[in-house]
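Listing of query.txt, compact mmCIF, N, CA and C atoms
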```txt
# COMPACT_ATOMS: atom_id res chain seq x y z
N ILE A 1005 -25.00 -81.02 -27.77
CA ILE A 1005 -23.73 -80.62 -28.38
C ILE A 1005 -23.68 -81.14 -29.81
N GLU A 1006 -24.15 -82.36 -30.01
CA GLU A 1006 -24.18 -82.90 -31.37
C GLU A 1006 -25.10 -82.08 -32.27
N LYS A 1007 -26.26 -81.68 -31.77
CA LYS A 1007 -27.23 -80.92 -32.56
C LYS A 1007 -26.70 -79.55 -32.94
N SER A 1008 -25.86 -78.96 -32.11
CA SER A 1008 -25.35 -77.61 -32.36
C SER A 1008 -24.33 -77.58 -33.49
N GLY A 1009 -23.80 -78.75 -33.86
CA GLY A 1009 -22.77 -78.80 -34.88
C GLY A 1009 -21.40 -78.45 -34.34
N TRP A 1010 -21.34 -78.18 -33.06
CA TRP A 1010 -20.09 -77.76 -32.43
C TRP A 1010 -19.04 -78.85 -32.53
N ALA A 1011 -19.41 -80.06 -32.21
CA ALA A 1011 -18.45 -81.16 -32.27
C ALA A 1011 -18.07 -81.47 -33.71
N ALA A 1012 -19.02 -81.32 -34.63
CA ALA A 1012 -18.74 -81.59 -36.04
C ALA A 1012 -17.71 -80.62 -36.59
N ALA A 1013 -17.70 -79.41 -36.06
CA ALA A 1013 -16.73 -78.40 -36.48
C ALA A 1013 -15.36 -78.65 -35.88
N GLN A 1014 -15.25 -79.69 -35.08
CA GLN A 1014 -14.01 -80.10 -34.42
C GLN A 1014 -13.45 -79.03 -33.50
N SER A 1015 -14.34 -78.20 -32.95
CA SER A 1015 -13.94 -77.19 -31.98
C SER A 1015 -13.81 -77.79 -30.60
N VAL A 1016 -14.62 -78.81 -30.34
CA VAL A 1016 -14.65 -79.43 -29.02
C VAL A 1016 -14.71 -80.94 -29.16
N HIS A 1017 -14.35 -81.58 -28.08
CA HIS A 1017 -14.49 -83.03 -27.97
C HIS A 1017 -15.24 -83.27 -26.68
N PHE A 1018 -16.22 -84.14 -26.72
CA PHE A 1018 -16.93 -84.42 -25.49
C PHE A 1018 -17.15 -85.92 -25.35
N LYS A 1019 -17.26 -86.31 -24.12
CA LYS A 1019 -17.51 -87.71 -23.80
C LYS A 1019 -18.89 -87.83 -23.19
N LYS A 1020 -19.71 -88.69 -23.81
CA LYS A 1020 -21.00 -88.98 -23.21
C LYS A 1020 -20.76 -89.73 -21.92
N PRO A 1021 -21.47 -89.37 -20.89
CA PRO A 1021 -21.24 -90.03 -19.61
C PRO A 1021 -21.71 -91.48 -19.62
N THR A 1022 -20.91 -92.34 -19.03
CA THR A 1022 -21.32 -93.74 -18.88
C THR A 1022 -22.12 -93.90 -17.60
N GLY A 1023 -22.08 -92.90 -16.79
CA GLY A 1023 -22.82 -92.85 -15.54
C GLY A 1023 -22.70 -91.45 -14.99
N GLY A 1024 -23.49 -91.13 -14.03
CA GLY A 1024 -23.43 -89.79 -13.47
C GLY A 1024 -24.25 -88.81 -14.28
N LEU A 1025 -24.17 -87.57 -13.88
CA LEU A 1025 -25.02 -86.54 -14.49
C LEU A 1025 -24.20 -85.36 -14.99
N ALA A 1026 -23.06 -85.65 -15.59
CA ALA A 1026 -22.22 -84.59 -16.14
C ALA A 1026 -21.46 -85.14 -17.35
N LEU A 1027 -21.04 -84.22 -18.21
CA LEU A 1027 -20.17 -84.63 -19.31
C LEU A 1027 -18.94 -83.74 -19.32
N TRP A 1028 -17.90 -84.24 -19.92
CA TRP A 1028 -16.61 -83.57 -19.99
C TRP A 1028 -16.51 -82.96 -21.38
N LEU A 1029 -16.42 -81.63 -21.45
CA LEU A 1029 -16.34 -80.89 -22.70
C LEU A 1029 -14.93 -80.34 -22.83
N GLN A 1030 -14.16 -80.89 -23.75
CA GLN A 1030 -12.77 -80.46 -23.91
C GLN A 1030 -12.62 -79.67 -25.20
N PHE A 1031 -12.00 -78.51 -25.08
CA PHE A 1031 -11.80 -77.63 -26.24
C PHE A 1031 -10.54 -78.03 -26.98
N ASN A 1032 -10.65 -78.17 -28.29
CA ASN A 1032 -9.50 -78.55 -29.11
C ASN A 1032 -8.53 -77.38 -29.28
N THR A 1033 -9.07 -76.17 -29.29
CA THR A 1033 -8.25 -74.96 -29.32
C THR A 1033 -8.18 -74.43 -27.90
N VAL A 1034 -6.97 -74.22 -27.41
CA VAL A 1034 -6.81 -73.71 -26.05
C VAL A 1034 -7.26 -72.26 -26.03
N ILE A 1035 -8.19 -71.97 -25.14
CA ILE A 1035 -8.68 -70.62 -24.94
C ILE A 1035 -8.60 -70.31 -23.45
N SER A 1036 -8.78 -69.06 -23.11
CA SER A 1036 -8.85 -68.69 -21.70
C SER A 1036 -10.25 -69.01 -21.20
N LEU A 1037 -10.34 -69.93 -20.26
CA LEU A 1037 -11.66 -70.27 -19.72
C LEU A 1037 -12.20 -69.15 -18.84
N VAL A 1038 -11.33 -68.32 -18.31
CA VAL A 1038 -11.77 -67.14 -17.56
C VAL A 1038 -12.48 -66.19 -18.52
N LYS A 1039 -11.89 -65.97 -19.69
CA LYS A 1039 -12.53 -65.11 -20.69
C LYS A 1039 -13.84 -65.74 -21.18
N LEU A 1040 -13.85 -67.04 -21.34
CA LEU A 1040 -15.08 -67.72 -21.73
C LEU A 1040 -16.17 -67.49 -20.69
N SER A 1041 -15.81 -67.61 -19.44
CA SER A 1041 -16.75 -67.39 -18.35
C SER A 1041 -17.29 -65.95 -18.38
N GLU A 1042 -16.41 -64.99 -18.64
CA GLU A 1042 -16.81 -63.59 -18.72
C GLU A 1042 -17.76 -63.36 -19.89
N GLN A 1043 -17.46 -63.95 -21.04
CA GLN A 1043 -18.33 -63.82 -22.21
C GLN A 1043 -19.67 -64.51 -21.97
N ALA A 1044 -19.65 -65.66 -21.32
CA ALA A 1044 -20.88 -66.40 -21.06
C ALA A 1044 -21.85 -65.57 -20.22
N LEU A 1045 -21.33 -64.77 -19.31
CA LEU A 1045 -22.19 -63.90 -18.50
C LEU A 1045 -23.00 -62.94 -19.36
N LYS A 1046 -22.43 -62.53 -20.47
CA LYS A 1046 -23.13 -61.62 -21.39
C LYS A 1046 -24.34 -62.30 -22.03
N TYR A 1047 -24.35 -63.62 -22.00
CA TYR A 1047 -25.48 -64.41 -22.53
C TYR A 1047 -26.30 -65.02 -21.38
N ASP A 1048 -26.17 -64.42 -20.20
CA ASP A 1048 -26.89 -64.88 -19.01
C ASP A 1048 -26.58 -66.33 -18.66
N LEU A 1049 -25.33 -66.70 -18.81
CA LEU A 1049 -24.87 -68.05 -18.47
C LEU A 1049 -23.70 -67.92 -17.51
N PHE A 1050 -23.89 -68.40 -16.29
CA PHE A 1050 -22.84 -68.34 -15.27
C PHE A 1050 -22.05 -69.64 -15.28
N LEU A 1051 -20.74 -69.53 -15.43
CA LEU A 1051 -19.84 -70.69 -15.36
C LEU A 1051 -18.99 -70.55 -14.10
N SER A 1052 -19.29 -71.36 -13.13
CA SER A 1052 -18.56 -71.33 -11.87
C SER A 1052 -17.11 -71.75 -12.11
N LYS A 1053 -16.19 -71.15 -11.40
CA LYS A 1053 -14.78 -71.51 -11.54
C LYS A 1053 -14.53 -72.97 -11.18
N THR A 1054 -15.42 -73.55 -10.39
CA THR A 1054 -15.23 -74.95 -9.97
C THR A 1054 -15.48 -75.95 -11.10
N ILE A 1055 -16.06 -75.51 -12.22
CA ILE A 1055 -16.29 -76.44 -13.35
C ILE A 1055 -15.28 -76.23 -14.47
N LEU A 1056 -14.39 -75.25 -14.31
CA LEU A 1056 -13.39 -74.94 -15.33
C LEU A 1056 -12.09 -75.67 -15.00
N TYR A 1057 -11.56 -76.36 -15.98
CA TYR A 1057 -10.32 -77.13 -15.78
C TYR A 1057 -9.32 -76.70 -16.85
N GLN A 1058 -8.26 -76.02 -16.42
CA GLN A 1058 -7.28 -75.56 -17.38
C GLN A 1058 -5.87 -75.63 -16.80
N ASP A 1059 -5.00 -76.28 -17.55
CA ASP A 1059 -3.57 -76.27 -17.29
C ASP A 1059 -2.89 -76.37 -18.64
N LYS A 1060 -1.61 -76.66 -18.68
CA LYS A 1060 -0.93 -76.65 -19.98
C LYS A 1060 -1.39 -77.77 -20.91
N ASN A 1061 -2.03 -78.81 -20.37
CA ASN A 1061 -2.50 -79.92 -21.20
C ASN A 1061 -4.01 -80.03 -21.31
N THR A 1062 -4.74 -79.25 -20.54
CA THR A 1062 -6.19 -79.40 -20.47
C THR A 1062 -6.89 -78.06 -20.59
N CYS A 1063 -7.93 -78.04 -21.39
CA CYS A 1063 -8.81 -76.88 -21.50
C CYS A 1063 -10.22 -77.46 -21.61
N ALA A 1064 -10.90 -77.57 -20.46
CA ALA A 1064 -12.16 -78.30 -20.45
C ALA A 1064 -13.13 -77.76 -19.40
N ILE A 1065 -14.38 -78.17 -19.56
CA ILE A 1065 -15.45 -77.81 -18.63
C ILE A 1065 -16.20 -79.09 -18.27
N ARG A 1066 -16.53 -79.20 -17.02
CA ARG A 1066 -17.40 -80.30 -16.57
C ARG A 1066 -18.81 -79.75 -16.52
N LEU A 1067 -19.65 -80.21 -17.45
CA LEU A 1067 -21.02 -79.72 -17.54
C LEU A 1067 -21.98 -80.67 -16.84
N GLY A 1068 -22.51 -80.24 -15.73
CA GLY A 1068 -23.52 -81.03 -15.03
C GLY A 1068 -24.89 -80.75 -15.65
N PHE A 1069 -25.69 -81.79 -15.79
CA PHE A 1069 -26.99 -81.61 -16.43
C PHE A 1069 -28.12 -82.30 -15.69
N GLY A 1070 -27.88 -82.78 -14.50
CA GLY A 1070 -28.87 -83.54 -13.75
C GLY A 1070 -30.15 -82.79 -13.46
N HIS A 1071 -30.08 -81.50 -13.30
CA HIS A 1071 -31.25 -80.71 -12.96
C HIS A 1071 -31.91 -80.05 -14.17
N LEU A 1072 -31.43 -80.39 -15.38
CA LEU A 1072 -31.92 -79.75 -16.60
C LEU A 1072 -32.70 -80.72 -17.48
N ASN A 1073 -33.67 -80.18 -18.22
CA ASN A 1073 -34.32 -81.01 -19.23
C ASN A 1073 -33.61 -80.80 -20.57
N GLU A 1074 -34.00 -81.54 -21.59
CA GLU A 1074 -33.29 -81.50 -22.87
C GLU A 1074 -33.33 -80.11 -23.51
N GLU A 1075 -34.45 -79.43 -23.42
CA GLU A 1075 -34.57 -78.10 -23.99
C GLU A 1075 -33.62 -77.12 -23.30
N GLU A 1076 -33.53 -77.20 -21.99
CA GLU A 1076 -32.63 -76.32 -21.24
C GLU A 1076 -31.17 -76.60 -21.59
N ILE A 1077 -30.83 -77.86 -21.79
CA ILE A 1077 -29.46 -78.21 -22.18
C ILE A 1077 -29.13 -77.59 -23.53
N GLU A 1078 -30.06 -77.67 -24.48
CA GLU A 1078 -29.84 -77.09 -25.81
C GLU A 1078 -29.61 -75.58 -25.71
N ILE A 1079 -30.39 -74.90 -24.89
CA ILE A 1079 -30.24 -73.46 -24.71
C ILE A 1079 -28.86 -73.13 -24.13
N ILE A 1080 -28.45 -73.88 -23.13
CA ILE A 1080 -27.15 -73.64 -22.51
C ILE A 1080 -26.02 -73.88 -23.49
N VAL A 1081 -26.10 -74.95 -24.27
CA VAL A 1081 -25.05 -75.25 -25.25
C VAL A 1081 -24.96 -74.14 -26.29
N LYS A 1082 -26.10 -73.62 -26.74
CA LYS A 1082 -26.08 -72.52 -27.71
C LYS A 1082 -25.43 -71.29 -27.13
N LYS A 1083 -25.77 -70.95 -25.89
CA LYS A 1083 -25.16 -69.79 -25.24
C LYS A 1083 -23.66 -69.99 -25.05
N LEU A 1084 -23.28 -71.19 -24.66
CA LEU A 1084 -21.86 -71.49 -24.47
C LEU A 1084 -21.10 -71.38 -25.78
N LYS A 1085 -21.69 -71.85 -26.85
CA LYS A 1085 -21.05 -71.76 -28.17
C LYS A 1085 -20.92 -70.29 -28.61
N GLN A 1086 -21.94 -69.48 -28.35
CA GLN A 1086 -21.85 -68.06 -28.67
C GLN A 1086 -20.70 -67.40 -27.91
N ALA A 1087 -20.59 -67.71 -26.65
CA ALA A 1087 -19.50 -67.15 -25.83
C ALA A 1087 -18.16 -67.63 -26.35
N TYR A 1088 -18.07 -68.91 -26.69
CA TYR A 1088 -16.83 -69.50 -27.23
C TYR A 1088 -16.43 -68.79 -28.51
N ASP A 1089 -17.39 -68.58 -29.42
CA ASP A 1089 -17.09 -67.91 -30.68
C ASP A 1089 -16.57 -66.49 -30.45
N CYS A 1090 -17.12 -65.80 -29.45
CA CYS A 1090 -16.65 -64.44 -29.12
C CYS A 1090 -15.21 -64.46 -28.62
N VAL A 1091 -14.87 -65.45 -27.83
CA VAL A 1091 -13.50 -65.57 -27.30
C VAL A 1091 -12.53 -65.84 -28.44
N LEU A 1092 -12.93 -66.64 -29.41
CA LEU A 1092 -12.04 -66.96 -30.52
C LEU A 1092 -11.81 -65.76 -31.44
N ASN A 1093 -12.79 -64.90 -31.55
CA ASN A 1093 -12.70 -63.77 -32.52
C ASN A 1093 -12.18 -62.53 -31.90
```
Any chance you could give the structure as structure tokens?
Amino acid sequence: IEKSGWAAAQSVHFKKPTGGLALWLQFNTVISLVKLSEQALKYDLFLSKTILYQDKNTCAIRLGFGHLNEEEIEIIVKKLKQAYDCVLN
């Protein structure tokens, strides 16, 4: 996420995990996570509804990465950012 420049653009806030194999990715701009999920499919990225967290105070995704290597994580983050940009525009 840091390499993508996404956090630097202040579009998202994320917490590095202190333990476990997932990170919490919170969007600073509230978007429809359902629409994000639909857009992500266009980039061959499936976002299960069980990882989407949205209410009036929260717009976030729990990204598990335990089964991925660093290269795969970078690919997923790029696809997620592309989907996010489509939802914003």
inquiry  = Could you list, as a PyMOL selection string, every residue within 6.5 Å of Leu1029 of chain A, counting all atoms listed in the file and ignoring same-chain residues fewer than 3 positions away?
reply    = chain A and resi 1016-1019+1063-1067
- [ ] Quick one: pull the distance between atom N of Gly1070 of chain A and atom N of Asp1089 of chain A, Å, one decimal.
- [x]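 Taking atom N of Gly1070 of chain A as the start and atom N of Asp1089 of chain A as the end point, the length is 23.1 Å.
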Pairwise distance, atom C of Ala1044 of chain A with atom CA of Glu1078 of chain A, equals 15.1 Å
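For the choices A:Ser1015, A:Lys1053, A:Gly1068, A:Leu1045, the atom-to-atom distance to Leu1027 of chain A is smallest for A:Gly1068 when using only N, CA and C atoms.
Here atom C of Tyr1088 of chain A is placed at a distance of 10.6 Å from atom C of Ser1041 of chain A.
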Mind checking DSSP for chain A and telling me the helix (DSSP H, G or I) residues as a ChimeraX atom specification?
/A:1037-1046,1053-1055,1074-1092
Problem - Sel. of strand (DSSP E or B) residues, segment 1039-1090 of chain A, as a PyMOL selection string - result: chain A and resi 1056-1058+1063-1068
At a cut-off of 6.5 Å around the point (-28.2, -86.3, -17.1) (file coordinates), what residues fall inside when counting only N, CA and C atoms? I'd like the answer as a ChimeraX atom specification. /A:1024-1026,1069-1071
Exercise on segment 1080-1088 of chain A, axis-aligned box with 5 Å per side, report centre and edge lengths in Å to one decimal, as lines of an AutoDock Vina configuration file:
```
center_x = -22.4
center_y = -71.2
center_z = -25.6
size_x = 22.0
size_y = 18.1
size_z = 16.2
```
task = Go through A:Lys1046, A:Leu1051, A:Val1034, A:Asp1059 one by one, measure the shortest atom-to-atom distance of each to Ala1087 of chain A using all atoms listed in the file, and give the residue with the smallest value.
result =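 Checking each candidate against Ala1087 of chain A, we get A:Lys1046 as the closest.
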